[in-house]
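input.tsv follows; it contains TSV, C-alpha atoms and all ligand atoms.
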chain	number	residue	atom	x	y	z
A	258	MET	CA	178.47	131.47	126.75
A	259	ILE	CA	176.96	129.25	129.43
A	260	LYS	CA	174.77	127.69	126.75
A	261	LYS	CA	177.84	126.97	124.55
A	262	LYS	CA	179.67	125.33	127.50
A	263	LEU	CA	176.65	123.23	128.26
A	264	ILE	CA	176.39	122.01	124.67
A	265	THR	CA	180.14	121.21	124.57
A	266	SER	CA	179.99	119.17	127.79
A	267	LEU	CA	176.85	117.41	126.59
A	268	VAL	CA	178.55	116.43	123.32
A	269	LEU	CA	181.66	115.32	125.20
A	270	GLY	CA	179.55	113.34	127.65
A	271	THR	CA	177.73	111.59	124.83
A	272	LEU	CA	181.02	110.79	123.10
A	273	ILE	CA	182.52	109.32	126.29
A	274	LEU	CA	179.34	107.35	127.00
A	275	SER	CA	179.09	105.94	123.48
A	276	SER	CA	182.77	104.96	123.40
A	277	CYS	CA	182.28	103.25	126.81
A	278	THR	CA	179.29	101.33	125.43
A	279	SER	CA	181.18	100.25	122.35
A	280	VAL	CA	184.16	99.15	124.49
A	281	LEU	CA	181.69	97.19	126.64
A	282	ALA	CA	179.96	95.74	123.56
A	283	ALA	CA	183.32	94.81	122.09
A	284	GLU	CA	184.12	92.89	125.26
A	285	LEU	CA	180.88	90.94	125.22
A	286	PRO	CA	181.02	87.50	123.60
A	287	GLU	CA	179.26	86.98	120.27
A	288	VAL	CA	176.39	84.50	120.38
A	289	LYS	CA	174.28	83.48	117.37
A	290	ILE	CA	170.62	82.62	117.85
A	291	LEU	CA	169.18	80.16	115.32
A	292	ALA	CA	165.39	79.99	115.47
A	293	THR	CA	163.43	76.94	114.35
A	294	GLY	CA	159.94	77.69	115.75
A	295	GLY	CA	158.03	76.06	118.60
A	296	THR	CA	156.01	77.36	121.52
A	297	ILE	CA	158.80	79.78	122.45
A	298	ALA	CA	157.75	81.57	119.24
A	299	GLY	CA	154.07	80.71	119.75
A	300	SER	CA	151.20	83.14	119.69
A	301	ALA	CA	147.73	82.71	121.22
A	302	ALA	CA	144.53	84.74	121.06
A	303	SER	CA	144.69	85.67	124.76
A	304	ASN	CA	147.27	85.68	127.55
A	305	THR	CA	145.47	82.87	129.40
A	306	GLN	CA	145.45	80.48	126.43
A	307	MET	CA	148.08	77.79	127.10
A	308	THR	CA	147.08	75.16	124.53
A	309	GLY	CA	145.79	75.17	120.96
A	310	TYR	CA	147.91	78.19	119.98
A	311	THR	CA	150.05	78.55	116.85
A	312	SER	CA	153.63	77.35	117.30
A	313	GLY	CA	156.36	79.13	115.37
A	314	ALA	CA	154.36	82.32	114.75
A	315	LEU	CA	156.94	84.92	115.86
A	316	SER	CA	160.22	85.76	114.14
A	317	VAL	CA	163.66	85.45	115.69
A	318	ASP	CA	163.97	89.25	115.87
A	319	THR	CA	160.71	89.48	117.84
A	320	LEU	CA	162.07	86.91	120.31
A	321	ILE	CA	165.33	88.82	120.70
A	322	ASN	CA	163.64	92.21	121.03
A	323	ALA	CA	161.36	90.85	123.77
A	324	VAL	CA	164.42	90.32	125.99
A	325	PRO	CA	166.45	93.56	125.94
A	326	GLU	CA	168.60	92.16	128.79
A	327	LEU	CA	170.30	89.90	126.22
A	328	LYS	CA	172.35	92.93	125.19
A	329	ASN	CA	174.02	92.99	128.62
A	330	VAL	CA	175.13	89.38	128.24
A	331	ALA	CA	176.29	88.98	124.66
A	332	VAL	CA	176.36	90.51	121.23
A	333	VAL	CA	173.46	88.56	119.78
A	334	SER	CA	172.16	88.24	116.25
A	335	GLY	CA	169.45	85.95	114.98
A	336	GLU	CA	168.76	83.78	111.96
A	337	GLN	CA	165.53	82.06	111.05
A	338	ILE	CA	166.29	78.46	110.07
A	339	SER	CA	162.64	77.32	110.03
A	340	ASN	CA	159.45	78.32	111.82
A	341	ILE	CA	157.63	75.08	112.59
A	342	GLY	CA	156.05	73.17	115.44
A	343	SER	CA	158.83	70.73	116.26
A	344	GLN	CA	156.49	67.74	115.89
A	345	ASN	CA	157.15	68.39	112.17
A	346	MET	CA	160.95	68.17	112.44
A	347	THR	CA	162.80	66.69	109.45
A	348	ASP	CA	166.22	65.27	108.59
A	349	ASP	CA	166.65	68.23	106.21
A	350	ILE	CA	166.41	70.76	109.03
A	351	TRP	CA	168.78	68.68	111.17
A	352	LEU	CA	171.38	68.58	108.38
A	353	LYS	CA	170.96	72.30	107.76
A	354	LEU	CA	171.37	73.07	111.47
A	355	ALA	CA	174.43	70.84	111.92
A	356	ASN	CA	176.20	72.28	108.88
A	357	HIS	CA	175.32	75.85	109.76
A	358	CYS	CA	176.47	75.43	113.39
A	359	ASN	CA	179.79	74.09	112.07
A	360	GLU	CA	180.20	77.07	109.72
A	361	LEU	CA	179.37	79.61	112.43
A	362	LEU	CA	181.51	78.00	115.13
A	363	ALA	CA	184.54	77.95	112.82
A	364	ASP	CA	184.55	81.77	113.18
A	365	PRO	CA	186.80	82.61	116.16
A	366	GLU	CA	184.55	85.59	116.99
A	367	VAL	CA	181.51	83.37	117.60
A	368	LYS	CA	181.65	82.02	121.14
A	369	GLY	CA	178.45	79.98	121.16
A	370	ILE	CA	175.10	79.20	119.56
A	371	VAL	CA	171.57	79.16	120.95
A	372	ILE	CA	168.88	77.26	119.06
A	373	THR	CA	165.26	78.11	119.84
A	374	HIS	CA	163.12	75.02	119.30
A	375	GLY	CA	159.76	73.44	120.01
A	376	THR	CA	159.89	71.19	123.04
A	377	ASP	CA	158.27	68.13	121.42
A	378	THR	CA	161.38	66.94	119.57
A	379	LEU	CA	163.95	69.25	121.17
A	380	GLU	CA	165.76	66.26	122.71
A	381	GLU	CA	166.16	64.65	119.26
A	382	THR	CA	167.67	67.73	117.63
A	383	ALA	CA	169.94	68.19	120.66
A	384	TYR	CA	171.21	64.60	120.41
A	385	PHE	CA	171.66	64.82	116.62
A	386	LEU	CA	173.78	67.96	117.05
A	387	ASN	CA	175.63	66.38	119.99
A	388	LEU	CA	176.87	63.79	117.49
A	389	THR	CA	177.48	66.05	114.47
A	390	VAL	CA	178.74	69.46	115.69
A	391	LYS	CA	182.52	69.64	115.27
A	392	SER	CA	183.35	72.17	117.95
A	393	ASN	CA	183.65	72.25	121.70
A	394	LYS	CA	182.05	75.71	121.86
A	395	PRO	CA	178.64	75.74	123.56
A	396	VAL	CA	175.54	74.90	121.54
A	397	VAL	CA	172.44	75.35	123.70
A	398	LEU	CA	168.87	74.35	122.81
A	399	VAL	CA	166.07	76.29	124.41
A	400	GLY	CA	162.28	76.19	124.23
A	401	ALA	CA	159.25	77.11	126.28
A	402	MET	CA	156.12	75.38	127.47
A	403	ARG	CA	153.95	78.50	127.42
A	404	PRO	CA	153.47	80.59	124.28
A	405	ALA	CA	155.21	83.96	124.08
A	406	THR	CA	151.83	85.69	124.53
A	407	ALA	CA	151.01	83.87	127.81
A	408	ILE	CA	150.83	85.36	131.27
A	409	SER	CA	154.06	84.12	132.95
A	410	ALA	CA	155.53	82.98	129.64
A	411	ASP	CA	158.68	80.94	130.36
A	412	GLY	CA	160.38	81.69	127.02
A	413	PRO	CA	162.07	85.02	127.85
A	414	VAL	CA	163.88	83.83	131.00
A	415	ASN	CA	164.80	80.55	129.30
A	416	LEU	CA	166.26	82.49	126.36
A	417	LEU	CA	168.25	84.78	128.64
A	418	ASN	CA	169.64	81.77	130.54
A	419	ALA	CA	170.45	79.97	127.29
A	420	VAL	CA	172.39	82.96	125.91
A	421	LYS	CA	174.24	83.29	129.22
A	422	LEU	CA	175.14	79.60	128.99
A	423	ALA	CA	176.23	79.80	125.34
A	424	ALA	CA	178.47	82.75	126.23
A	425	SER	CA	179.99	81.05	129.27
A	426	PRO	CA	183.44	79.43	129.25
A	427	LYS	CA	181.97	76.97	131.80
A	428	ALA	CA	179.88	75.41	129.03
A	429	VAL	CA	182.83	74.75	126.70
A	430	GLY	CA	183.43	71.03	126.10
A	431	LYS	CA	180.21	69.88	127.77
A	432	GLY	CA	178.52	68.67	124.56
A	433	VAL	CA	175.23	70.08	123.32
A	434	LEU	CA	173.14	71.44	126.21
A	435	VAL	CA	169.47	72.07	126.94
A	436	ALA	CA	168.43	75.08	129.06
A	437	LEU	CA	164.88	75.32	130.41
A	438	ASN	CA	163.31	76.05	133.76
A	439	ASP	CA	166.58	77.11	135.43
A	440	GLU	CA	168.15	73.72	134.73
A	441	ILE	CA	170.97	72.56	132.47
A	442	ASN	CA	170.67	69.13	130.92
A	443	GLY	CA	172.90	67.18	128.52
A	444	ALA	CA	171.62	66.29	125.06
A	445	ARG	CA	172.14	62.54	125.44
A	446	ASP	CA	170.12	61.92	128.55
A	447	VAL	CA	167.45	64.61	128.59
A	448	THR	CA	163.86	63.88	127.61
A	449	LYS	CA	160.50	65.62	127.70
A	450	THR	CA	158.58	64.07	130.59
A	451	ASN	CA	155.39	66.14	130.91
A	452	THR	CA	152.98	67.29	128.22
A	453	SER	CA	152.35	70.74	129.70
A	454	ASN	CA	154.41	71.50	132.81
A	455	VAL	CA	157.29	74.01	132.58
A	456	ALA	CA	159.45	71.51	134.51
A	457	THR	CA	159.16	68.99	131.69
A	458	PHE	CA	162.82	68.39	130.74
A	459	LYS	CA	164.46	65.76	132.91
A	460	ALA	CA	167.25	63.24	132.63
A	461	PRO	CA	165.57	60.53	134.69
A	462	GLU	CA	168.06	58.56	136.80
A	463	LEU	CA	171.18	59.84	135.01
A	464	GLY	CA	170.43	63.37	136.17
A	465	LEU	CA	170.81	67.00	135.18
A	466	LEU	CA	174.21	68.65	134.71
A	467	GLY	CA	173.59	71.89	136.54
A	468	TYR	CA	171.41	74.85	137.48
A	469	PHE	CA	171.06	78.55	136.81
A	470	ALA	CA	170.99	80.93	139.77
A	471	ASN	CA	170.33	84.57	138.91
A	472	GLY	CA	171.11	83.66	135.32
A	473	GLU	CA	174.55	82.31	136.21
A	474	PRO	CA	175.20	78.67	135.17
A	475	TYR	CA	176.58	76.21	137.73
A	476	PHE	CA	177.79	72.76	136.60
A	477	TYR	CA	178.01	69.67	138.79
A	478	LYS	CA	178.80	66.93	136.27
A	479	GLU	CA	179.15	66.04	132.62
A	480	SER	CA	178.44	63.10	130.32
A	481	THR	CA	181.12	60.43	129.86
A	482	ARG	CA	179.79	59.53	126.39
A	483	ARG	CA	181.50	60.64	123.15
A	484	ASN	CA	180.13	63.82	121.60
A	485	THR	CA	180.94	66.83	119.34
A	486	ILE	CA	184.72	67.02	118.72
A	487	ASN	CA	185.10	63.38	119.82
A	488	SER	CA	182.35	62.12	117.54
A	489	GLU	CA	183.20	60.16	114.38
A	490	PHE	CA	180.07	61.26	112.50
A	491	ASP	CA	180.36	63.80	109.71
A	492	VAL	CA	177.27	65.04	107.88
A	493	SER	CA	178.95	67.79	105.87
A	494	ASN	CA	178.53	65.93	102.56
A	495	LEU	CA	175.17	64.28	103.23
A	496	LYS	CA	171.94	65.31	101.51
A	497	GLN	CA	169.80	62.78	103.39
A	498	LEU	CA	169.90	60.22	106.19
A	499	PRO	CA	169.00	56.53	106.00
A	500	ARG	CA	165.44	55.62	106.92
A	501	VAL	CA	165.13	54.12	110.41
A	502	ASP	CA	161.72	53.28	111.89
A	503	ILE	CA	160.65	52.75	115.48
A	504	ILE	CA	158.28	49.87	116.27
A	505	TYR	CA	156.61	50.21	119.68
A	506	THR	CA	155.52	46.90	121.21
A	507	HIS	CA	152.25	46.21	123.06
A	508	GLY	CA	150.02	43.26	123.94
A	509	ASN	CA	149.04	41.35	120.76
A	510	ASP	CA	152.00	42.84	118.87
A	511	ASP	CA	152.82	41.11	115.58
A	512	ARG	CA	155.06	41.56	112.53
A	513	MET	CA	152.72	43.72	110.47
A	514	LEU	CA	154.44	47.08	111.13
A	515	ILE	CA	157.90	45.50	110.85
A	516	ASP	CA	157.07	44.19	107.37
A	517	ALA	CA	155.64	47.60	106.45
A	518	ALA	CA	158.85	49.31	107.59
A	519	VAL	CA	160.98	46.95	105.48
A	520	LYS	CA	158.70	47.53	102.49
A	521	ALA	CA	159.02	51.30	102.97
A	522	GLY	CA	162.81	50.95	102.65
A	523	ALA	CA	163.94	51.03	106.28
A	524	LYS	CA	167.65	50.37	106.66
A	525	GLY	CA	167.26	50.04	110.39
A	526	ILE	CA	164.55	49.33	112.95
A	527	VAL	CA	164.57	50.35	116.59
A	528	TYR	CA	162.29	47.98	118.47
A	529	ALA	CA	160.91	49.75	121.54
A	530	GLY	CA	160.47	46.52	123.45
A	531	SER	CA	158.79	45.87	126.75
A	532	GLY	CA	160.98	45.65	129.87
A	533	MET	CA	164.63	45.22	128.92
A	534	GLY	CA	163.91	45.30	125.20
A	535	SER	CA	161.80	42.14	125.18
A	536	ILE	CA	160.28	41.22	121.83
A	537	HIS	CA	156.80	39.76	121.36
A	538	LYS	CA	157.04	36.20	120.01
A	539	ASP	CA	154.72	37.11	117.11
A	540	ALA	CA	156.86	40.10	116.12
A	541	GLU	CA	160.22	38.32	116.39
A	542	PRO	CA	160.01	36.38	113.08
A	543	GLY	CA	159.44	39.73	111.33
A	544	LEU	CA	162.62	41.13	112.86
A	545	ILE	CA	164.59	37.98	111.94
A	546	ASP	CA	163.43	38.24	108.32
A	547	ALA	CA	164.18	41.97	108.21
A	548	GLN	CA	167.64	41.25	109.56
A	549	LYS	CA	168.24	38.65	106.82
A	550	LYS	CA	167.43	41.38	104.27
A	551	GLY	CA	170.19	43.57	105.78
A	552	VAL	CA	168.01	45.73	108.03
A	553	VAL	CA	169.86	46.48	111.29
A	554	ILE	CA	167.74	45.79	114.39
A	555	VAL	CA	168.39	47.65	117.64
A	556	ARG	CA	166.52	46.69	120.79
A	557	SER	CA	165.46	49.63	122.93
A	558	SER	CA	162.78	49.89	125.61
A	559	ARG	CA	159.46	51.60	126.11
A	560	VAL	CA	160.13	51.71	129.89
A	561	GLY	CA	161.92	55.07	129.95
A	562	ASN	CA	164.71	54.15	132.37
A	563	GLY	CA	167.49	51.61	132.63
A	564	MET	CA	169.80	49.81	130.22
A	565	VAL	CA	169.05	47.44	127.37
A	566	VAL	CA	171.95	44.99	127.31
A	567	ALA	CA	172.52	41.65	125.56
A	568	GLY	CA	170.60	39.58	128.14
A	569	SER	CA	168.95	36.73	126.24
A	570	GLU	CA	171.27	34.47	124.23
A	571	GLN	CA	168.59	34.17	121.60
A	572	TYR	CA	168.69	37.88	120.73
A	573	THR	CA	172.47	37.74	120.47
A	574	LYS	CA	172.22	34.71	118.17
A	575	GLU	CA	169.72	36.62	116.08
A	576	HIS	CA	172.25	39.49	115.81
A	577	PHE	CA	169.96	42.07	117.37
A	578	LEU	CA	171.92	45.01	118.82
A	579	ASN	CA	171.43	46.61	122.25
A	580	GLY	CA	170.41	50.25	122.58
A	581	ASP	CA	172.00	50.84	125.99
A	582	THR	CA	170.22	53.64	127.91
A	583	LEU	CA	169.15	55.62	124.83
A	584	ASN	CA	165.40	56.07	124.53
A	585	PRO	CA	163.95	54.80	121.23
A	586	GLN	CA	163.90	58.22	119.54
A	587	LYS	CA	167.57	58.79	120.35
A	588	ALA	CA	168.55	55.21	119.46
A	589	ARG	CA	166.95	55.94	116.09
A	590	ILE	CA	169.22	58.97	115.55
A	591	LEU	CA	172.38	57.09	116.50
A	592	LEU	CA	171.39	54.23	114.19
A	593	GLN	CA	170.75	56.67	111.31
A	594	LEU	CA	174.21	58.18	111.77
A	595	ALA	CA	175.84	54.77	112.28
A	596	LEU	CA	174.34	53.57	108.98
A	597	THR	CA	175.93	56.51	107.15
A	598	LYS	CA	179.27	54.91	108.00
A	599	THR	CA	178.86	51.13	108.11
A	600	ASN	CA	176.55	48.09	108.08
A	601	ASN	CA	178.91	46.06	110.23
A	602	LEU	CA	176.95	44.92	113.27
A	603	ASN	CA	179.94	44.78	115.63
A	604	GLU	CA	180.90	48.31	114.63
A	605	ILE	CA	177.37	49.59	115.17
A	606	GLN	CA	177.19	47.91	118.58
A	607	ARG	CA	180.49	49.58	119.46
A	608	MET	CA	178.90	52.93	118.60
A	609	PHE	CA	175.96	52.21	120.89
A	610	ASN	CA	178.43	51.38	123.65
A	611	GLU	CA	180.37	54.61	123.17
A	612	TYR	CA	177.85	57.38	122.34
B	1	LIG	N1	154.25	71.48	119.68
B	1	LIG	C1	155.21	72.43	120.17
B	1	LIG	C2	156.54	72.19	119.48
B	1	LIG	O1	157.25	71.30	119.81
B	1	LIG	C3	155.34	72.33	121.63
B	1	LIG	C4	156.38	73.24	122.24
B	1	LIG	O2	157.16	73.91	121.61
B	1	LIG	O3	156.40	73.26	123.46
B	1	LIG	O4	156.85	72.91	118.62
Using structure tokens, write down the structure that the file contains.
Ligand code: ASP
Amino acid sequence: MIKKKLITSLVLGTLILSSCTSVLAAELPEVKILATGGTIAGSAASNTQMTGYTSGALSVDTLINAVPELKNVAVVSGEQISNIGSQNMTDDIWLKLANHCNELLADPEVKGIVITHGTDTLEETAYFLNLTVKSNKPVVLVGAMRPATAISADGPVNLLNAVKLAASPKAVGKGVLVALNDEINGARDVTKTNTSNVATFKAPELGLLGYFANGEPYFYKESTRRNTINSEFDVSNLKQLPRVDIIYTHGNDDRMLIDAAVKAGAKGIVYAGSGMGSIHKDAEPGLIDAQKKGVVIVRSSRVGNGMVVAGSEQYTKEHFLNGDTLNPQKARILLQLALTKTNNLNEIQRMFNEY
């Protein structure tokens, strides 16, 4: 009799507990995790090996299972988009990511997306999505500087923070975000600043947007530049993006690489000039000739901080455009997207002033 009572109360207890858990789970926001590879999914031979490991070795499910705490924050499910070191990023993966984010975010049940990514080109993917995602729901990029197998790996806490951020109403309408090292940065201004340190992502001068404390996001500001639902760029029907090359100036620079870019079919060139986008006198004729062939030239800077504005009358006369505060790799992305819409130089300059 006592045994029967015990069994009945055990069964009842289990039923109550499981219905509580499913009520709780039902209340948690749904967050999709799209994995692309990188050190966050990296595996090394030993836990002290911090370089020379294989990026993109672990699957999205392994990453999720390594952080059981995710289940307290959101209903998460993962998809493997690619599994590469992000130094090998391609336009194809960008287009796939943008279109897939748009499909997923159109579902009212999905509250946000986390994209796990190598840190090398994370800022480029973030900016591309900042201009092509058509939703104000959070899209958060996350990576790690230490492989998943390392002692004090930074991936798990970064992933937990990123999912928290993607699930948070505070992150709605902030554009695409980057979450690493307890900091929140905006896609437009963030850049990788250190080859190995976990505190590598910074938005020099323009600054971070917020912090995490105990996994809770706190915002202090947001970008004033157009993004996501306010962006005019639409990649839903594109199979490829126009070729845009970056030419990085240096002492003794000349036109050789500019001519090579034109020959390779570049539709645009970002010239990473010295100082405020200054152009070497021996490279300039190459840019003028490229321009005459319809190649759009945008002046950017190799300095890493500050604006590139019209400045010299000569560059304006030559119809070279100004890259504003975008670093060369982000100016390249904006120029690629601009060229999918127009070749009009005034229009493209307007885009550089607005995005
Ligand atoms: N090479 C790696 C990558 O970008 C570095 C990293 O993830 O930190 O995929």
Next on the checklist: Just checking: using all atoms listed in the file, which residue out of A:Leu422, A:Ala547, A:Asn340, A:Pro542 ends up closest to Ala518 (chain A)?
Outcome noted: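 Closest candidate: A:Ala547.
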Give me the residues of chain A that have any atom at most 12 Å from an atom of ligand LIG 1 (chain B); for each, the nearest atom pair and the distance in Å, rounded to one decimal. Use all atoms listed in the file, sort by chain and number, and format it as a Markdown table.
| residue | atom | partner | partner_atom | distance |
| --- | --- | --- | --- | --- |
| A:Ala292 | CA | B:LIG1 | O4 | 11.5 |
| A:Thr293 | CA | B:LIG1 | O4 | 8.8 |
| A:Gly294 | CA | B:LIG1 | O4 | 6.4 |
| A:Gly295 | CA | B:LIG1 | O4 | 3.4 |
| A:Thr296 | CA | B:LIG1 | O2 | 3.6 |
| A:Ile297 | CA | B:LIG1 | O2 | 6.2 |
| A:Ala298 | CA | B:LIG1 | O2 | 8.0 |
| A:Gly299 | CA | B:LIG1 | O2 | 7.7 |
| A:Ser300 | CA | B:LIG1 | O2 | 11.2 |
| A:Met307 | CA | B:LIG1 | O3 | 10.1 |
| A:Thr308 | CA | B:LIG1 | C3 | 9.2 |
| A:Gly309 | CA | B:LIG1 | N1 | 9.3 |
| A:Tyr310 | CA | B:LIG1 | N1 | 9.2 |
| A:Thr311 | CA | B:LIG1 | C1 | 8.7 |
| A:Ser312 | CA | B:LIG1 | O4 | 5.6 |
| A:Gly313 | CA | B:LIG1 | O4 | 7.0 |
| A:Ala314 | CA | B:LIG1 | O4 | 10.5 |
| A:Ser339 | CA | B:LIG1 | O4 | 11.3 |
| A:Asn340 | CA | B:LIG1 | O4 | 9.1 |
| A:Ile341 | CA | B:LIG1 | O4 | 6.5 |
| A:Gly342 | CA | B:LIG1 | O4 | 3.3 |
| A:Ser343 | CA | B:LIG1 | O4 | 3.8 |
| A:Gln344 | CA | B:LIG1 | O1 | 5.3 |
| A:Asn345 | CA | B:LIG1 | O4 | 7.9 |
| A:Met346 | CA | B:LIG1 | O4 | 8.8 |
| A:Thr373 | CA | B:LIG1 | O2 | 9.3 |
| A:His374 | CA | B:LIG1 | O2 | 6.5 |
| A:Gly375 | CA | B:LIG1 | O2 | 3.1 |
| A:Thr376 | CA | B:LIG1 | O3 | 4.1 |
| A:Asp377 | CA | B:LIG1 | O1 | 3.7 |
| A:Thr378 | CA | B:LIG1 | O1 | 6.0 |
| A:Leu379 | CA | B:LIG1 | O1 | 7.1 |
| A:Glu380 | CA | B:LIG1 | O1 | 10.3 |
| A:Glu381 | CA | B:LIG1 | O1 | 11.1 |
| A:Thr382 | CA | B:LIG1 | O1 | 11.2 |
| A:Leu398 | CA | B:LIG1 | O2 | 11.8 |
| A:Val399 | CA | B:LIG1 | O2 | 9.6 |
| A:Gly400 | CA | B:LIG1 | O2 | 6.2 |
| A:Ala401 | CA | B:LIG1 | O3 | 5.6 |
| A:Met402 | CA | B:LIG1 | O3 | 4.5 |
| A:Arg403 | CA | B:LIG1 | O3 | 7.0 |
| A:Pro404 | CA | B:LIG1 | O3 | 7.9 |
| A:Ala405 | CA | B:LIG1 | O2 | 10.5 |
| A:Ala410 | CA | B:LIG1 | O3 | 11.6 |
| A:Asp411 | CA | B:LIG1 | O3 | 10.6 |
| A:Gly412 | CA | B:LIG1 | O3 | 10.0 |
| A:Leu437 | CA | B:LIG1 | O3 | 11.2 |
| A:Lys449 | CA | B:LIG1 | O3 | 9.7 |
| A:Thr450 | CA | B:LIG1 | O3 | 11.8 |
| A:Asn451 | CA | B:LIG1 | O3 | 10.4 |
| A:Thr452 | CA | B:LIG1 | O3 | 8.4 |
| A:Ser453 | CA | B:LIG1 | O3 | 7.9 |
| A:Asn454 | CA | B:LIG1 | O3 | 9.7 |
| A:Val455 | CA | B:LIG1 | O3 | 9.2 |
| A:Ala456 | CA | B:LIG1 | O3 | 11.6 |
| A:Thr457 | CA | B:LIG1 | O3 | 9.7 |
| A:Phe458 | CA | B:LIG1 | O3 | 10.9 |
Item to check | Exercise: Thr573 (chain A) partners within 12 Å, only C-alpha atoms, chain neighbours under 3 positions left out, as a ChimeraX atom specification | outcome: /A:545,554-556,566-570,576-579,602-603,606
Would you put the residues from that selection into a file with C-alpha atoms, as a CSV table (one decimal), in the frame of the given file?
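Final output, out02.csv:
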chain,number,residue,atom,x,y,z
A,545,ILE,CA,164.6,38.0,111.9
A,554,ILE,CA,167.7,45.8,114.4
A,555,VAL,CA,168.4,47.6,117.6
A,556,ARG,CA,166.5,46.7,120.8
A,566,VAL,CA,172.0,45.0,127.3
A,567,ALA,CA,172.5,41.6,125.6
A,568,GLY,CA,170.6,39.6,128.1
A,569,SER,CA,169.0,36.7,126.2
A,570,GLU,CA,171.3,34.5,124.2
A,576,HIS,CA,172.2,39.5,115.8
A,577,PHE,CA,170.0,42.1,117.4
A,578,LEU,CA,171.9,45.0,118.8
A,579,ASN,CA,171.4,46.6,122.2
A,602,LEU,CA,177.0,44.9,113.3
A,603,ASN,CA,179.9,44.8,115.6
A,606,GLN,CA,177.2,47.9,118.6
Item to check | Distance query region 481-494 of chain A at most 9 Å, all atoms listed in the file, self and fewer than 5 positions along chain excluded, as a count of residues only | outcome: 24
Item to check | Spatial neighbours of Leu596 (chain A), 8 Å, only C-alpha atoms, chain gap at least 3 places, as a ChimeraX atom specification | outcome: /A:499,524,592-593,599-600,605
Next on the checklist: Report as a ChimeraX atom specification all protein, DNA and RNA residues lying within 9 Å of Met533 (chain A), evaluated on all atoms listed in the file, omitting residues in the same chain fewer than 4 positions from it.
Outcome noted: /A:556-560,563-566,568
Item to check | For CA of Ile515 (chain A) and CA of Gly543 (chain A), the interatomic separation in Å (one decimal) | outcome: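 Rounded to one decimal, the two atoms are 6.0 Å apart.
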Next on the checklist: Report, in Å to a single decimal, how far apart CA of Ala301 (chain A) and CA of Asp349 (chain A) are.
Outcome noted: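 Between CA of Asp349 (chain A) and CA of Ala301 (chain A) the gap works out to 28.2 Å.
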Next on the checklist: So that I can see what lies close to region 500-504 of chain A, please list as a ChimeraX atom specification the residues with an atom at most 9 Å from it, counting all atoms listed in the file and leaving out residues fewer than 6 positions away in the same chain.
Outcome noted: /A:514-515,518,521-530,585-586,589-590,592-593
Next on the checklist: Please compute the CA of Lys459 (chain A)-CA of Val447 (chain A) distance, one decimal, in Å.
Outcome noted: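 Going from CA of Lys459 (chain A) over to CA of Val447 (chain A) covers 5.4 Å.
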Please report, as JSON, the centre and edge lengths in Å to one decimal of an axis-aligned box covering all listed atoms of region 545-551 of chain A with 4 Å per side.
{"center_x": 166.8, "center_y": 40.8, "center_z": 108.1, "size_x": 14.8, "size_y": 13.6, "size_z": 15.7}
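For the point (174.8, 76.1, 116.5), the residues with an atom at a distance of at most 8 Å are Lys289, Ile290, Leu291, Leu354, Ala355, His357, Cys358, Asn359, Leu361, Leu362, Gly369, Ile370, Val371, Ile372, Val390, Val396 and Val397 of chain A, counting all atoms listed in the file.
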Limited to C-alpha atoms, could you put the picked residues into a file as an mmCIF file, keeping the file's coordinate frame?
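Saved to part07.cif:
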data_model
loop_
_atom_site.group_PDB
_atom_site.id
_atom_site.type_symbol
_atom_site.label_atom_id
_atom_site.label_comp_id
_atom_site.auth_asym_id
_atom_site.auth_seq_id
_atom_site.Cartn_x
_atom_site.Cartn_y
_atom_site.Cartn_z
ATOM 1 C CA LYS A 289 174.280 83.480 117.370
ATOM 2 C CA ILE A 290 170.620 82.620 117.850
ATOM 3 C CA LEU A 291 169.180 80.160 115.320
ATOM 4 C CA LEU A 354 171.370 73.070 111.470
ATOM 5 C CA ALA A 355 174.430 70.840 111.920
ATOM 6 C CA HIS A 357 175.320 75.850 109.760
ATOM 7 C CA CYS A 358 176.470 75.430 113.390
ATOM 8 C CA ASN A 359 179.790 74.090 112.070
ATOM 9 C CA LEU A 361 179.370 79.610 112.430
ATOM 10 C CA LEU A 362 181.510 78.000 115.130
ATOM 11 C CA GLY A 369 178.450 79.980 121.160
ATOM 12 C CA ILE A 370 175.100 79.200 119.560
ATOM 13 C CA VAL A 371 171.570 79.160 120.950
ATOM 14 C CA ILE A 372 168.880 77.260 119.060
ATOM 15 C CA VAL A 390 178.740 69.460 115.690
ATOM 16 C CA VAL A 396 175.540 74.900 121.540
ATOM 17 C CA VAL A 397 172.440 75.350 123.700
#
